[in-house]
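What follows is the content of data_6.txt, which has compact mmCIF, C-alpha atoms:
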# COMPACT_ATOMS: atom_id res chain seq x y z
CA MET A 1293 13.82 -14.23 30.59
CA ILE A 1294 13.06 -12.86 27.13
CA TRP A 1295 14.80 -15.87 25.58
CA ILE A 1296 11.76 -18.02 26.48
CA LEU A 1297 9.61 -15.78 24.25
CA ASP A 1298 12.19 -15.93 21.49
CA LEU A 1299 12.40 -19.72 21.76
CA LEU A 1300 8.60 -20.04 21.58
CA LEU A 1301 8.43 -17.75 18.55
CA LEU A 1302 11.16 -19.66 16.72
CA LEU A 1303 9.52 -23.01 17.53
CA PHE A 1304 6.25 -21.61 16.16
CA LEU A 1305 8.08 -20.61 12.98
CA VAL A 1306 9.51 -24.12 12.51
CA VAL A 1307 6.13 -25.77 13.09
CA CYS A 1308 4.45 -23.33 10.68
CA ALA A 1309 7.04 -23.93 7.97
CA ILE A 1310 6.65 -27.71 8.24
CA GLU A 1311 2.85 -27.47 8.17
CA VAL A 1312 2.87 -25.22 5.09
CA MET A 1313 4.90 -27.91 3.34
CA ARG A 1314 2.72 -30.81 4.51
CA THR A 1315 -0.84 -29.54 4.13
CA ARG A 1316 -2.73 -30.46 0.95
CA ASP A 1317 -5.32 -27.66 1.23
CA LEU A 1318 -3.64 -24.68 -0.43
CA LEU A 1319 -5.99 -22.12 1.16
CA SER A 1320 -5.07 -23.42 4.63
CA ALA A 1321 -1.40 -23.31 3.61
CA VAL A 1322 -1.76 -19.65 2.66
CA ILE A 1323 -3.37 -18.79 6.01
CA ILE A 1324 -0.64 -20.67 7.90
CA PHE A 1325 1.96 -18.83 5.84
CA SER A 1326 0.29 -15.53 6.78
CA SER A 1327 0.60 -16.36 10.49
CA TYR A 1328 4.23 -17.36 9.82
CA SER A 1329 4.84 -13.88 8.41
CA LEU A 1330 3.15 -12.22 11.39
CA VAL A 1331 5.34 -14.11 13.90
CA MET A 1332 8.38 -13.45 11.71
CA ALA A 1333 7.63 -9.71 12.07
CA ILE A 1334 7.82 -10.06 15.87
CA VAL A 1335 11.11 -11.96 15.51
CA TRP A 1336 12.55 -9.16 13.36
CA GLN A 1337 11.53 -6.70 16.07
CA GLN A 1338 13.32 -8.90 18.64
CA LEU A 1339 16.40 -8.75 16.41
CA ASN A 1340 16.28 -4.91 16.59
CA ALA A 1341 15.23 -4.51 12.96
CA PRO A 1342 11.97 -2.50 13.11
CA ASP A 1343 12.30 -1.48 9.45
CA ILE A 1344 12.17 -5.08 8.30
CA ALA A 1345 9.41 -5.82 10.82
CA ILE A 1346 7.14 -3.21 9.22
CA THR A 1347 7.93 -4.54 5.75
CA GLU A 1348 7.27 -8.13 6.80
CA ALA A 1349 3.94 -7.25 8.43
CA ALA A 1350 2.73 -5.17 5.47
CA VAL A 1351 4.04 -7.20 2.54
CA GLY A 1352 4.34 -10.72 3.99
CA ALA A 1353 1.11 -10.85 5.95
CA GLY A 1354 -0.92 -8.44 3.84
CA ILE A 1355 -0.17 -8.20 0.14
CA THR A 1356 1.32 -11.61 -0.66
CA THR A 1357 -1.50 -13.36 1.21
CA MET A 1358 -4.08 -11.57 -0.93
CA LEU A 1359 -2.11 -12.34 -4.10
CA PHE A 1360 -1.94 -16.03 -3.14
CA VAL A 1361 -5.70 -16.11 -2.43
CA ALA A 1362 -6.39 -14.43 -5.78
CA ALA A 1363 -4.18 -16.98 -7.51
CA ILE A 1364 -5.94 -19.88 -5.75
CA SER A 1365 -9.38 -18.52 -6.71
CA LYS A 1366 -8.26 -18.70 -10.36
CA THR A 1367 -6.89 -22.26 -10.07
CA SER A 1368 -7.75 -25.24 -7.90
CA ARG A 1369 -7.82 -25.24 -4.11
CA TRP A 1370 -6.38 -28.73 -3.60
CA GLU A 1371 -2.89 -29.87 -4.29
CA GLU A 1372 -2.73 -32.81 -6.69
CA MET B 1101 -17.29 -9.23 -2.56
CA THR B 1102 -19.10 -10.21 0.60
CA GLU B 1103 -22.49 -9.54 2.18
CA ASP B 1104 -21.28 -9.92 5.78
CA ILE B 1105 -22.15 -6.75 7.70
CA ILE B 1106 -19.38 -7.22 10.29
CA VAL B 1107 -16.68 -7.50 7.63
CA LYS B 1108 -18.10 -4.58 5.64
CA THR B 1109 -18.45 -2.24 8.63
CA SER B 1110 -15.05 -3.03 10.14
CA ALA B 1111 -13.32 -2.63 6.77
CA ARG B 1112 -15.06 0.73 6.25
CA LEU B 1113 -14.06 1.92 9.73
CA MET B 1114 -10.48 0.64 9.63
CA THR B 1115 -9.47 1.87 6.16
CA PRO B 1116 -8.96 5.58 7.03
CA PHE B 1117 -6.83 4.66 10.03
CA ILE B 1118 -4.71 2.24 8.00
CA GLN B 1119 -4.17 4.87 5.31
CA MET B 1120 -3.35 7.54 7.90
CA PHE B 1121 -0.78 5.21 9.47
CA GLY B 1122 0.72 4.57 6.04
CA LEU B 1123 1.01 8.32 5.43
CA TYR B 1124 2.63 8.69 8.86
CA VAL B 1125 5.21 6.03 8.02
CA ILE B 1126 5.96 7.75 4.69
CA PHE B 1127 6.25 11.29 6.06
CA HIS B 1128 8.40 10.26 9.03
CA GLY B 1129 10.58 8.00 6.89
CA HIS B 1130 13.76 9.92 7.67
CA LEU B 1131 13.08 10.15 11.43
CA THR B 1132 11.56 6.82 12.52
CA PRO B 1133 11.68 3.22 11.24
CA GLY B 1134 9.97 2.80 7.93
CA GLY B 1135 10.00 4.87 4.81
CA GLY B 1136 8.55 5.09 1.35
CA PHE B 1137 8.37 1.36 0.64
CA GLN B 1138 6.87 0.37 4.00
CA GLY B 1139 4.26 3.14 4.05
CA GLY B 1140 3.36 2.53 0.42
CA ALA B 1141 2.87 -1.18 1.12
CA ILE B 1142 0.53 -0.31 4.01
CA ILE B 1143 -1.55 2.04 1.81
CA GLY B 1144 -1.63 -0.53 -1.00
CA ALA B 1145 -2.84 -3.19 1.46
CA SER B 1146 -5.68 -0.87 2.58
CA MET B 1147 -6.79 -0.45 -1.05
CA ILE B 1148 -6.68 -4.23 -1.53
CA LEU B 1149 -8.83 -4.60 1.61
CA LEU B 1150 -11.46 -2.25 0.15
CA ALA B 1151 -11.39 -4.10 -3.17
CA VAL B 1152 -11.82 -7.50 -1.48
CA VAL B 1153 -14.73 -6.40 0.73
CA TYR B 1154 -16.64 -4.05 -1.58
CA GLY B 1155 -15.79 -5.53 -4.96
CA LEU B 1156 -13.41 -4.48 -7.70
CA GLU B 1157 -15.79 -1.94 -9.27
CA GLU B 1158 -16.15 0.02 -6.03
CA GLY B 1159 -12.37 0.16 -5.65
CA GLU B 1160 -12.05 1.24 -9.27
CA LYS B 1161 -14.33 4.20 -8.49
CA ARG B 1162 -11.99 5.35 -5.70
CA LEU B 1163 -8.76 5.06 -7.68
CA GLY B 1164 -9.21 4.27 -11.35
CA HIS B 1165 -6.76 2.56 -13.65
CA ASP B 1166 -5.77 5.82 -15.36
CA ALA B 1167 -5.07 7.52 -12.02
CA SER B 1168 -2.87 4.65 -10.87
CA THR B 1169 -1.05 4.74 -14.22
CA VAL B 1170 -0.17 8.38 -13.49
CA LEU B 1171 0.92 7.45 -9.96
CA GLU B 1172 3.08 4.62 -11.34
CA SER B 1173 5.05 7.11 -13.41
CA SER B 1174 5.94 9.07 -10.26
CA THR B 1175 9.26 7.23 -10.45
CA LEU B 1176 10.18 9.90 -13.03
CA PHE B 1177 10.39 12.42 -10.18
CA TYR B 1178 12.85 10.10 -8.41
CA ALA B 1179 15.20 10.45 -11.38
CA LEU B 1180 14.60 14.18 -11.56
CA ILE B 1181 15.44 14.60 -7.85
CA GLY B 1182 18.57 12.55 -8.44
CA LEU B 1183 19.52 14.69 -11.43
CA ILE B 1184 19.53 17.82 -9.23
CA GLY B 1185 22.77 16.50 -7.76
CA ILE B 1186 24.33 16.01 -11.21
CA ALA B 1187 23.14 19.46 -12.33
CA ALA B 1188 24.90 21.00 -9.32
CA GLY B 1189 28.12 19.24 -10.23
CA TYR B 1190 28.04 16.38 -7.73
CA SER B 1191 27.09 12.71 -7.90
CA PHE B 1192 23.60 11.29 -8.58
CA LEU B 1193 21.22 11.82 -5.61
CA ALA B 1194 23.63 14.24 -3.92
CA ASN B 1195 21.72 15.90 -1.11
CA ARG B 1196 23.15 18.64 1.08
CA VAL B 1197 26.30 19.38 -0.91
CA ALA B 1198 24.16 20.06 -3.99
CA GLY B 1199 22.44 22.95 -2.22
CA ILE B 1200 19.13 21.29 -1.28
CA PRO B 1201 17.95 22.83 2.04
CA VAL B 1202 17.95 20.18 4.77
CA GLY B 1203 16.39 22.04 7.72
CA THR B 1204 17.00 21.35 11.39
CA PRO B 1205 17.80 17.73 12.29
CA GLY B 1206 14.87 15.97 13.95
CA ALA B 1207 12.20 18.26 12.50
CA LEU B 1208 9.56 16.89 10.13
CA PHE B 1209 10.75 18.96 7.17
CA SER B 1210 14.37 17.90 7.20
CA GLY B 1211 16.53 15.51 5.27
CA GLY B 1212 16.35 17.44 2.01
CA ALA B 1213 15.90 15.10 -0.96
CA ILE B 1214 15.23 12.04 1.23
CA PHE B 1215 11.86 13.51 2.26
CA ALA B 1216 10.77 14.00 -1.37
CA ILE B 1217 12.14 10.60 -2.44
CA ASN B 1218 10.17 8.84 0.33
CA ILE B 1219 6.92 10.43 -0.89
CA VAL B 1220 7.62 9.46 -4.52
CA VAL B 1221 8.52 5.87 -3.62
CA GLY B 1222 5.42 5.64 -1.39
CA LEU B 1223 3.09 6.65 -4.23
CA LYS B 1224 4.78 4.19 -6.58
CA VAL B 1225 4.63 1.22 -4.20
CA ALA B 1226 1.01 1.91 -3.20
CA SER B 1227 -0.24 1.99 -6.78
CA THR B 1228 1.89 -1.02 -7.71
CA GLY B 1229 0.41 -3.14 -4.90
CA LYS B 1230 -3.10 -2.17 -5.93
CA THR B 1231 -2.45 -2.73 -9.64
CA LEU B 1232 -0.88 -6.16 -9.01
CA PHE B 1233 -3.97 -7.37 -7.18
CA TYR B 1234 -6.35 -5.94 -9.79
CA ALA B 1235 -4.43 -7.44 -12.68
CA LEU B 1236 -4.39 -10.84 -10.99
CA SER B 1237 -8.10 -10.94 -10.02
CA ARG B 1238 -9.43 -9.50 -13.30
CA GLU B 1239 -8.16 -12.44 -15.35
CA GLU B 1240 -10.86 -14.79 -16.55
CA ARG B 1241 -10.90 -18.28 -15.08
CA PRO B 1242 -9.63 -20.72 -17.75
As a first step, turn the structure in this file into structure tokens.
Amino acid sequence: MIWILDLLLLLFLVVCAIEVMRTRDLLSAVIIFSSYSLVMAIVWQQLNAPDIAITEAAVGAGITTMLFVAAISKTSRWEE
Amino acid sequence: MTEDIIVKTSARLMTPFIQMFGLYVIFHGHLTPGGGFQGGAIIGASMILLAVVYGLEEGEKRLGHDASTVLESSTLFYALIGLIGIAAGYSFLANRVAGIPVGTPGALFSGGAIFAINIVVGLKVASTGKTLFYALSREERP
């Protein structure tokens, strides 16, 4: 029955990736990318890779999101 | 920097727990999932959280630029630990064969050089994460 959870998580990943590409508001794209990283951490855990899951949660959802937000605050928020 | 009391209070309350979890991941790097890089990234993220909520100057008071420069050079100890193996006549980063005491398997103080290397890498990654964010947000807007 766990495959239903896996399927939902992977579908969420695909939808998130497409939305990051499509959205024009870069701040929204960064937040969507952060949720992508968080779900990706759960997927790594499902793949029996807890090491990578910790890295993904700390670096992907934490540090890169803050670096992206800092970069956006120095440039423009909207894609041209 | 924000004036929101909910954000300020929750960041102040969460930061010690985040840093304690990061230290746990570093110190149990040879026993449980995680290690120097993962724990250091968690500690660096907690410092970024403080800097975002309380402003860059407040974060600079906790860990100044000079202190993080010293922490950055902790990679030197990585090379020194590796050179112990060469000094004993074995390859770089040789652990048990080079005579480093490894302790009982499963105990906290075991693993020999891996324990020390995890701590060094944790310090390096934590200060690098913090310094990256500071360098990026200090730049003047063009």
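Excluding segment 1337-1351 of chain A itself and any same-chain residue fewer than 6 positions from it, the protein and nucleic acid residues within 6 Å of it, counting only C-alpha atoms, are Leu1330 of chain A; Pro1133, Gly1134, Gln1138, Ala1141 and Ile1142 of chain B.
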Chain B residues within 12 Å of chain A, counting all atoms listed in the file: which ones, as an mmCIF file with C-alpha atoms, in the coordinates of the input?
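Output file out-v8.cif is given in full below:
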data_model
loop_
_atom_site.group_PDB
_atom_site.id
_atom_site.type_symbol
_atom_site.label_atom_id
_atom_site.label_comp_id
_atom_site.auth_asym_id
_atom_site.auth_seq_id
_atom_site.Cartn_x
_atom_site.Cartn_y
_atom_site.Cartn_z
ATOM 1 C CA ILE B 1118 -4.710 2.240 8.000
ATOM 2 C CA PHE B 1121 -0.780 5.210 9.470
ATOM 3 C CA GLY B 1122 0.720 4.570 6.040
ATOM 4 C CA VAL B 1125 5.210 6.030 8.020
ATOM 5 C CA ILE B 1126 5.960 7.750 4.690
ATOM 6 C CA GLY B 1129 10.580 8.000 6.890
ATOM 7 C CA HIS B 1130 13.760 9.920 7.670
ATOM 8 C CA LEU B 1131 13.080 10.150 11.430
ATOM 9 C CA THR B 1132 11.560 6.820 12.520
ATOM 10 C CA PRO B 1133 11.680 3.220 11.240
ATOM 11 C CA GLY B 1134 9.970 2.800 7.930
ATOM 12 C CA GLY B 1135 10.000 4.870 4.810
ATOM 13 C CA GLY B 1136 8.550 5.090 1.350
ATOM 14 C CA PHE B 1137 8.370 1.360 0.640
ATOM 15 C CA GLN B 1138 6.870 0.370 4.000
ATOM 16 C CA GLY B 1139 4.260 3.140 4.050
ATOM 17 C CA GLY B 1140 3.360 2.530 0.420
ATOM 18 C CA ALA B 1141 2.870 -1.180 1.120
ATOM 19 C CA ILE B 1142 0.530 -0.310 4.010
ATOM 20 C CA ILE B 1143 -1.550 2.040 1.810
ATOM 21 C CA GLY B 1144 -1.630 -0.530 -1.000
ATOM 22 C CA ALA B 1145 -2.840 -3.190 1.460
ATOM 23 C CA SER B 1146 -5.680 -0.870 2.580
ATOM 24 C CA MET B 1147 -6.790 -0.450 -1.050
ATOM 25 C CA ILE B 1148 -6.680 -4.230 -1.530
ATOM 26 C CA LEU B 1149 -8.830 -4.600 1.610
ATOM 27 C CA LEU B 1150 -11.460 -2.250 0.150
ATOM 28 C CA ALA B 1151 -11.390 -4.100 -3.170
ATOM 29 C CA VAL B 1152 -11.820 -7.500 -1.480
ATOM 30 C CA VAL B 1153 -14.730 -6.400 0.730
ATOM 31 C CA VAL B 1225 4.630 1.220 -4.200
ATOM 32 C CA ALA B 1226 1.010 1.910 -3.200
ATOM 33 C CA THR B 1228 1.890 -1.020 -7.710
ATOM 34 C CA GLY B 1229 0.410 -3.140 -4.900
ATOM 35 C CA LYS B 1230 -3.100 -2.170 -5.930
ATOM 36 C CA THR B 1231 -2.450 -2.730 -9.640
ATOM 37 C CA LEU B 1232 -0.880 -6.160 -9.010
ATOM 38 C CA PHE B 1233 -3.970 -7.370 -7.180
ATOM 39 C CA TYR B 1234 -6.350 -5.940 -9.790
ATOM 40 C CA ALA B 1235 -4.430 -7.440 -12.680
ATOM 41 C CA LEU B 1236 -4.390 -10.840 -10.990
ATOM 42 C CA SER B 1237 -8.100 -10.940 -10.020
ATOM 43 C CA ARG B 1238 -9.430 -9.500 -13.300
ATOM 44 C CA GLU B 1239 -8.160 -12.440 -15.350
ATOM 45 C CA GLU B 1240 -10.860 -14.790 -16.550
ATOM 46 C CA ARG B 1241 -10.900 -18.280 -15.080
ATOM 47 C CA PRO B 1242 -9.630 -20.720 -17.750
#
Neighbours of Gly1352 of chain A within 9 Å (all atoms listed in the file; same-chain residues fewer than 5 positions away dropped), as a compact mmCIF listing (two decimals) with C-alpha atoms, keeping the file's coordinate frame?
# COMPACT_ATOMS: atom_id res chain seq x y z
CA PHE A 1325 1.96 -18.83 5.84
CA SER A 1326 0.29 -15.53 6.78
CA TYR A 1328 4.23 -17.36 9.82
CA SER A 1329 4.84 -13.88 8.41
CA LEU A 1330 3.15 -12.22 11.39
CA ALA A 1333 7.63 -9.71 12.07
CA THR A 1347 7.93 -4.54 5.75
CA THR A 1357 -1.50 -13.36 1.21
query: Do you have the atom CA of Ala1213 of chain B-atom CA of Phe1127 of chain B distance handy?
result: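 Computing the Euclidean distance for atom CA of Ala1213 of chain B and atom CA of Phe1127 of chain B yields 12.5 Å.
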task: Choose the residue, out of B:Leu1183, B:Ala1111, B:Met1120, B:His1128, that has the smallest atom-to-atom separation from Phe1209 of chain B; count only C-alpha atoms.
output: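 Looking only at the distances to Phe1209 of chain B, the closest residue turns out to be B:His1128.
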message: Quick one: residues within 12 Å of segment 1174-1182 of chain B, only C-alpha atoms, excluding same-chain residues fewer than 6 positions away - as a ChimeraX atom specification?
response: /B:1136,1167-1168,1188-1195,1198,1200,1212-1228
Taking all atoms of segment 1174-1178 of chain B that the file lists, what box with edges along x, y and z, padded by 6 Å per side, do you get, with centre and edge lengths in Å to one decimal, as AutoDock Vina command-line options?
--center_x 9.4 --center_y 9.8 --center_z -10.7 --size_x 18.9 --size_y 17.2 --size_z 16.6
message: Taking all atoms listed in the file into account, name the residue in A:Met1293, A:Ala1321, A:Leu1305, A:Ile1364 that is nearest to Ile1334 of chain A.
response: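 Going through A:Met1293, A:Ala1321, A:Leu1305, A:Ile1364 one by one, the smallest distance to Ile1334 of chain A is for A:Leu1305.
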message: Please compute the atom CA of Asp1317 of chain A-atom CA of Ser1368 of chain A distance, one decimal, in Å.
response: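 Between atom CA of Asp1317 of chain A and atom CA of Ser1368 of chain A the gap is 9.8 Å.
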Got a moment to write chain A out with C-alpha atoms, as a PDB file, in the first residue's frame?
ATOM      1  CA  MET A1293       0.000   0.000   0.000  1.00  0.00           C
ATOM      2  CA  ILE A1294       3.001   2.293   0.440  1.00  0.00           C
ATOM      3  CA  TRP A1295       3.238   2.665  -3.339  1.00  0.00           C
ATOM      4  CA  ILE A1296       0.195   4.987  -3.243  1.00  0.00           C
ATOM      5  CA  LEU A1297       2.180   7.383  -1.029  1.00  0.00           C
ATOM      6  CA  ASP A1298       5.190   7.101  -3.307  1.00  0.00           C
ATOM      7  CA  LEU A1299       3.045   7.754  -6.380  1.00  0.00           C
ATOM      8  CA  LEU A1300       1.480  10.834  -4.754  1.00  0.00           C
ATOM      9  CA  LEU A1301       4.885  12.185  -3.744  1.00  0.00           C
ATOM     10  CA  LEU A1302       6.323  11.689  -7.234  1.00  0.00           C
ATOM     11  CA  LEU A1303       3.266  13.309  -8.849  1.00  0.00           C
ATOM     12  CA  PHE A1304       3.715  16.254  -6.474  1.00  0.00           C
ATOM     13  CA  LEU A1305       7.352  16.508  -7.566  1.00  0.00           C
ATOM     14  CA  VAL A1306       6.397  16.597 -11.259  1.00  0.00           C
ATOM     15  CA  VAL A1307       3.720  19.244 -10.686  1.00  0.00           C
ATOM     16  CA  CYS A1308       6.138  21.344  -8.603  1.00  0.00           C
ATOM     17  CA  ALA A1309       8.874  21.146 -11.231  1.00  0.00           C
ATOM     18  CA  ILE A1310       6.491  22.247 -13.995  1.00  0.00           C
ATOM     19  CA  GLU A1311       5.137  25.108 -11.882  1.00  0.00           C
ATOM     20  CA  VAL A1312       8.641  26.358 -11.020  1.00  0.00           C
ATOM     21  CA  MET A1313       9.318  26.554 -14.749  1.00  0.00           C
ATOM     22  CA  ARG A1314       6.019  28.247 -15.622  1.00  0.00           C
ATOM     23  CA  THR A1315       5.542  30.856 -12.896  1.00  0.00           C
ATOM     24  CA  ARG A1316       6.648  34.430 -13.647  1.00  0.00           C
ATOM     25  CA  ASP A1317       6.899  35.520  -9.987  1.00  0.00           C
ATOM     26  CA  LEU A1318      10.403  34.473  -8.945  1.00  0.00           C
ATOM     27  CA  LEU A1319       9.643  34.648  -5.203  1.00  0.00           C
ATOM     28  CA  SER A1320       6.747  32.211  -5.668  1.00  0.00           C
ATOM     29  CA  ALA A1321       9.037  30.002  -7.749  1.00  0.00           C
ATOM     30  CA  VAL A1322      11.556  29.905  -4.908  1.00  0.00           C
ATOM     31  CA  ILE A1323       8.884  28.912  -2.379  1.00  0.00           C
ATOM     32  CA  ILE A1324       7.571  26.185  -4.712  1.00  0.00           C
ATOM     33  CA  PHE A1325      11.139  24.971  -5.181  1.00  0.00           C
ATOM     34  CA  SER A1326      11.528  24.838  -1.388  1.00  0.00           C
ATOM     35  CA  SER A1327       8.460  22.593  -1.090  1.00  0.00           C
ATOM     36  CA  TYR A1328       9.885  20.492  -3.943  1.00  0.00           C
ATOM     37  CA  SER A1329      13.039  19.985  -1.886  1.00  0.00           C
ATOM     38  CA  LEU A1330      11.031  19.059   1.218  1.00  0.00           C
ATOM     39  CA  VAL A1331       9.046  16.376  -0.654  1.00  0.00           C
ATOM     40  CA  MET A1332      12.244  15.212  -2.336  1.00  0.00           C
ATOM     41  CA  ALA A1333      13.679  14.607   1.160  1.00  0.00           C
ATOM     42  CA  ILE A1334      10.748  12.284   1.940  1.00  0.00           C
ATOM     43  CA  VAL A1335      11.320  10.481  -1.372  1.00  0.00           C
ATOM     44  CA  TRP A1336      14.998   9.957  -0.511  1.00  0.00           C
ATOM     45  CA  GLN A1337      13.891   8.483   2.812  1.00  0.00           C
ATOM     46  CA  GLN A1338      11.528   6.150   0.914  1.00  0.00           C
ATOM     47  CA  LEU A1339      14.504   5.099  -1.213  1.00  0.00           C
ATOM     48  CA  ASN A1340      16.377   4.105   1.998  1.00  0.00           C
ATOM     49  CA  ALA A1341      18.862   6.972   1.748  1.00  0.00           C
ATOM     50  CA  PRO A1342      18.513   8.839   5.078  1.00  0.00           C
ATOM     51  CA  ASP A1343      21.910  10.515   4.617  1.00  0.00           C
ATOM     52  CA  ILE A1344      20.779  12.220   1.431  1.00  0.00           C
ATOM     53  CA  ALA A1345      17.408  13.008   3.005  1.00  0.00           C
ATOM     54  CA  ILE A1346      19.073  15.020   5.785  1.00  0.00           C
ATOM     55  CA  THR A1347      21.256  16.835   3.252  1.00  0.00           C
ATOM     56  CA  GLU A1348      18.296  17.623   1.017  1.00  0.00           C
ATOM     57  CA  ALA A1349      16.212  18.960   3.921  1.00  0.00           C
ATOM     58  CA  ALA A1350      19.032  21.113   5.312  1.00  0.00           C
ATOM     59  CA  VAL A1351      20.654  22.387   2.115  1.00  0.00           C
ATOM     60  CA  GLY A1352      17.810  22.186  -0.426  1.00  0.00           C
ATOM     61  CA  ALA A1353      14.979  23.509   1.709  1.00  0.00           C
ATOM     62  CA  GLY A1354      17.024  25.692   4.042  1.00  0.00           C
ATOM     63  CA  ILE A1355      20.197  27.275   2.735  1.00  0.00           C
ATOM     64  CA  THR A1356      19.566  27.497  -1.023  1.00  0.00           C
ATOM     65  CA  THR A1357      16.102  28.968  -0.425  1.00  0.00           C
ATOM     66  CA  MET A1358      17.615  31.744   1.683  1.00  0.00           C
ATOM     67  CA  LEU A1359      20.347  32.340  -0.901  1.00  0.00           C
ATOM     68  CA  PHE A1360      17.727  32.587  -3.671  1.00  0.00           C
ATOM     69  CA  VAL A1361      15.642  35.035  -1.604  1.00  0.00           C
ATOM     70  CA  ALA A1362      18.748  37.130  -0.916  1.00  0.00           C
ATOM     71  CA  ALA A1363      19.559  37.133  -4.625  1.00  0.00           C
ATOM     72  CA  ILE A1364      15.994  38.168  -5.522  1.00  0.00           C
ATOM     73  CA  SER A1365      16.053  41.005  -2.970  1.00  0.00           C
ATOM     74  CA  LYS A1366      19.114  42.383  -4.797  1.00  0.00           C
ATOM     75  CA  THR A1367      17.545  42.082  -8.271  1.00  0.00           C
ATOM     76  CA  SER A1368      13.995  42.200  -9.569  1.00  0.00           C
ATOM     77  CA  ARG A1369      11.153  39.987  -8.389  1.00  0.00           C
ATOM     78  CA  TRP A1370       9.480  39.484 -11.775  1.00  0.00           C
ATOM     79  CA  GLU A1371      10.791  37.531 -14.677  1.00  0.00           C
ATOM     80  CA  GLU A1372      11.068  39.591 -17.860  1.00  0.00           C
TER      81      GLU A1372
END
